[in-house]
Amino acid sequence: MFSQCHLLPHSRIPNTALSPTFRLRAMAPHTTPLELSRFAEVGNNVADAAGEVIRKYFRKNFDILQKHDLSPVTIADQSAEEAMVSIILDNFPSHAIYGEENGWRCKEKNADYVWVLDPIDGTKSFITGKPVFGTLIALLQNGTPILGIIDQPVLRERWIGITGKRTTLNGQEISTRTCADLSQAYLYTTSPHLFSGDAEEAFIRVRSKVKIPLYGCDCYAYALLSSGFVDLVVESGLKPYDFLALIPVIEGAGGVITDWKGDKLFWEASPLSIAASFNVVAAGDKQIHQEALDSLQWK
């Protein structure tokens with residue numbers, strides 16, 4: 001047998017009312033289905049706008065700048081974020097925005113709804129011509145992600161997670177896959193060189209137990225996990241704009257995503273908020289998630 005990790009056929013996706021392993025996030029209070037539909041519509045428009053900008057620069061010559069943390073940034077990152085912000089403000093002027101490139105934007109000091117944007121998650125992949133980067137869009141209501149979008153603008157693949165609904169890829173419902181044991185799991189992380197100290201030792205403990213460790217996908221690895229092609233993603237040092245959009249997508253497909261202690265990922269955006277670093281583990285199968293936590297042994 002090639003692997004003991006299996007994608008659930010569409011007809012066998014567990015009934016959410018009966019299965020404890022496939023539980024959709026409940027609809028956020030005071031958000032109606034009509035409002036969620038409107039938010040998703042605008043989110044799609046935001047992703048479209050970012051994609052138009054990004055495709056113009058992909059595999060073209062442009063200047064690569066260096067941010068204060070030594071990570072690269074390009075005119076594509078900056079222009080895409082401005083295009084995204086413009087659409088959000090046109091539709092929801094009372095909403096706040098927190099973007100990777102320009103931080104907090106809002107007329108007020110706080111807002112019930114905050115859009116968290118990463119125009120190009122995986123800038124190093126983008127500048128080297130590898131189409132496994134993605135645009136990440138999250139909408140938070142009082143700190144809780146109610147909408148998440150992972151968009152790969154070159155391959156034109158779009159994963160959408162909405163509170164109370166199944167995750168979709170280009171309009172088709174998807175599901176994570178089951179996996180019998182950690183020893184059968186396919187693991188992704190962006191790069192083993194991004195771990196250091198205790199985090200590196202924790203990652204090695206997990207890596208030594210999986211079937212196949214793979215590298216280099218940025219947010220695209222989480223999208224593949226949601227579609228049932230990957231079992232586990234383990235990463236260190238992610239910023240809120242790197243993971244908040246992933247939460248509705250993964251949970252809506254039946255997966256689990258937490259920090260390395262198994263706690264819920266939470267970050268509340270405000271003008272004073274610092275984009276702190278988080279250690280993230282995501283799995284398509286609840287049992288594999290727990291086995292990963294046991295191996296990480298994170299205190």
# chains A, B, ... in the order shown; residues from 1 in each chain; ligands from 1

call {"tool": "residues_around", "arguments": {"residues": "stretch 119-133 of chain A", "least_positions_apart": "5", "cutoff": "9 Å", "atoms": "only C-alpha atoms", "output": "ChimeraX atom specification"}}
result
/A:47,50-51,54,58-60,62,64,71-74,76-81,84,99-101,151-155,190,216-221,241-242

call {"tool": "write_last_selection", "arguments": {"atoms": "N, CA and C atoms", "output": "compact mmCIF listing (two decimals), in the first residue's frame"}}
result
# COMPACT_ATOMS: atom_id res chain seq x y z
N ALA A 47 -9.22 39.59 -3.60
CA ALA A 47 -8.27 38.62 -4.14
C ALA A 47 -8.07 38.83 -5.64
N ALA A 50 -5.73 41.84 -6.13
CA ALA A 50 -4.35 41.49 -5.82
C ALA A 50 -3.74 40.64 -6.93
N GLY A 51 -4.52 39.68 -7.42
CA GLY A 51 -4.03 38.79 -8.46
C GLY A 51 -3.66 39.52 -9.75
N ILE A 54 -0.27 41.09 -9.11
CA ILE A 54 0.80 40.11 -8.93
C ILE A 54 1.18 39.45 -10.26
N PHE A 58 4.97 38.81 -12.02
CA PHE A 58 5.51 37.47 -11.84
C PHE A 58 6.48 37.12 -12.97
N ARG A 59 7.68 36.69 -12.60
CA ARG A 59 8.76 36.34 -13.52
C ARG A 59 9.16 37.50 -14.43
N LYS A 60 9.05 38.71 -13.89
CA LYS A 60 9.52 39.92 -14.57
C LYS A 60 10.66 40.53 -13.76
N PHE A 62 12.28 43.39 -11.54
CA PHE A 62 11.87 44.48 -10.66
C PHE A 62 12.87 44.56 -9.51
N ILE A 64 14.20 44.53 -5.75
CA ILE A 64 13.89 43.80 -4.51
C ILE A 64 14.47 44.60 -3.35
N SER A 71 13.72 40.62 5.57
CA SER A 71 12.91 39.88 4.59
C SER A 71 12.70 40.74 3.35
N PRO A 72 12.56 40.11 2.18
CA PRO A 72 12.43 40.88 0.94
C PRO A 72 11.01 41.42 0.75
N VAL A 73 10.92 42.54 0.03
CA VAL A 73 9.63 43.11 -0.35
C VAL A 73 9.80 43.71 -1.74
N THR A 74 8.74 43.66 -2.53
CA THR A 74 8.81 44.15 -3.91
C THR A 74 7.68 45.11 -4.18
N ALA A 76 5.46 44.57 -6.21
CA ALA A 76 4.26 43.75 -6.33
C ALA A 76 3.55 43.62 -4.99
N ASP A 77 4.31 43.37 -3.90
CA ASP A 77 3.73 43.30 -2.55
C ASP A 77 3.01 44.61 -2.23
N GLN A 78 3.72 45.71 -2.44
CA GLN A 78 3.19 47.02 -2.04
C GLN A 78 1.99 47.44 -2.88
N SER A 79 2.08 47.25 -4.19
CA SER A 79 0.98 47.65 -5.07
C SER A 79 -0.24 46.76 -4.87
N ALA A 80 -0.02 45.47 -4.65
CA ALA A 80 -1.14 44.56 -4.42
C ALA A 80 -1.88 44.93 -3.14
N GLU A 81 -1.14 45.24 -2.08
CA GLU A 81 -1.80 45.61 -0.82
C GLU A 81 -2.63 46.89 -1.00
N MET A 84 -5.85 46.06 -2.69
CA MET A 84 -6.73 45.34 -1.77
C MET A 84 -7.40 46.31 -0.79
N GLY A 99 -2.46 45.34 7.33
CA GLY A 99 -1.71 44.72 6.24
C GLY A 99 -0.27 44.48 6.60
N GLU A 100 0.32 43.46 6.01
CA GLU A 100 1.71 43.16 6.31
C GLU A 100 2.62 44.34 5.99
N GLU A 101 2.34 45.03 4.89
CA GLU A 101 3.26 46.08 4.45
C GLU A 101 3.05 47.41 5.17
N ASP A 151 -5.32 32.50 -1.94
CA ASP A 151 -5.43 32.63 -3.39
C ASP A 151 -4.07 32.47 -4.04
N GLN A 152 -3.98 31.56 -5.00
CA GLN A 152 -2.77 31.41 -5.79
C GLN A 152 -3.07 32.02 -7.16
N PRO A 153 -2.62 33.26 -7.40
CA PRO A 153 -3.08 34.00 -8.58
C PRO A 153 -2.51 33.51 -9.91
N VAL A 154 -1.36 32.82 -9.88
CA VAL A 154 -0.79 32.33 -11.13
C VAL A 154 -1.49 31.04 -11.57
N LEU A 155 -1.68 30.13 -10.62
CA LEU A 155 -2.39 28.89 -10.92
C LEU A 155 -3.91 29.07 -10.93
N THR A 190 8.02 25.37 5.45
CA THR A 190 8.60 26.22 4.41
C THR A 190 10.09 25.96 4.26
N GLY A 216 9.23 24.01 1.27
CA GLY A 216 9.19 25.08 0.27
C GLY A 216 7.85 25.53 -0.25
N CYS A 217 6.77 25.44 0.52
CA CYS A 217 5.45 25.77 -0.03
C CYS A 217 4.78 27.00 0.60
N ASP A 218 5.34 27.57 1.65
CA ASP A 218 4.69 28.73 2.28
C ASP A 218 3.23 28.40 2.58
N CYS A 219 2.31 29.34 2.31
CA CYS A 219 0.89 29.11 2.63
C CYS A 219 0.26 28.03 1.77
N TYR A 220 0.88 27.73 0.63
CA TYR A 220 0.32 26.73 -0.28
C TYR A 220 0.27 25.35 0.36
N ALA A 221 1.17 25.09 1.32
CA ALA A 221 1.15 23.80 2.02
C ALA A 221 -0.15 23.62 2.80
N TYR A 241 -0.62 37.84 10.11
CA TYR A 241 -1.06 37.91 8.71
C TYR A 241 -0.65 36.66 7.93
N ASP A 242 0.23 35.84 8.51
CA ASP A 242 0.62 34.58 7.87
C ASP A 242 -0.35 33.45 8.15

call {"tool": "residues_around", "arguments": {"residues": "A:Leu139", "least_positions_apart": "5", "cutoff": "6 Å", "atoms": "only C-alpha atoms", "output": "ChimeraX atom specification"}}
result
/A:114-115,145-147

call {"tool": "closest_residue", "arguments": {"among": "A:Val234, A:Ile274, A:Glu251, A:Gln297", "to": "A:Gly103", "atoms": "only C-alpha atoms"}}
result
A:Ile274

call {"tool": "closest_residue", "arguments": {"among": "A:Asp112, A:Asp118, A:Asp198, A:Asp231", "to": "A:Ile150", "atoms": "only C-alpha atoms"}}
result
A:Asp118

call {"tool": "residues_around", "arguments": {"residues": "A:Ser270", "least_positions_apart": "2", "cutoff": "9 Å", "atoms": "only C-alpha atoms", "output": "list in words"}}
result
Ala96, Tyr98, Trp104, Lys109, Asn110, Ala111, Val114, Glu268, Leu272, Ser273 and Ile274 of chain A

call {"tool": "write_last_selection", "arguments": {"atoms": "C-alpha atoms", "output": "PDB file, in the first residue's frame"}}
result
ATOM      1  CA  ALA A  96     -10.224  48.358  10.000  1.00  0.00           C
ATOM      2  CA  TYR A  98      -4.094  45.400   9.115  1.00  0.00           C
ATOM      3  CA  TRP A 104      -3.140  49.319  10.923  1.00  0.00           C
ATOM      4  CA  LYS A 109      -8.849  53.213  17.445  1.00  0.00           C
ATOM      5  CA  ASN A 110     -10.795  49.954  17.260  1.00  0.00           C
ATOM      6  CA  ALA A 111     -13.332  48.192  15.068  1.00  0.00           C
ATOM      7  CA  VAL A 114     -10.701  43.895  10.892  1.00  0.00           C
ATOM      8  CA  GLU A 268      -6.441  40.968  18.269  1.00  0.00           C
ATOM      9  CA  LEU A 272      -0.984  49.382  19.185  1.00  0.00           C
ATOM     10  CA  SER A 273      -0.845  45.710  18.252  1.00  0.00           C
ATOM     11  CA  ILE A 274       2.541  44.196  17.541  1.00  0.00           C
TER      12      ILE A 274
END
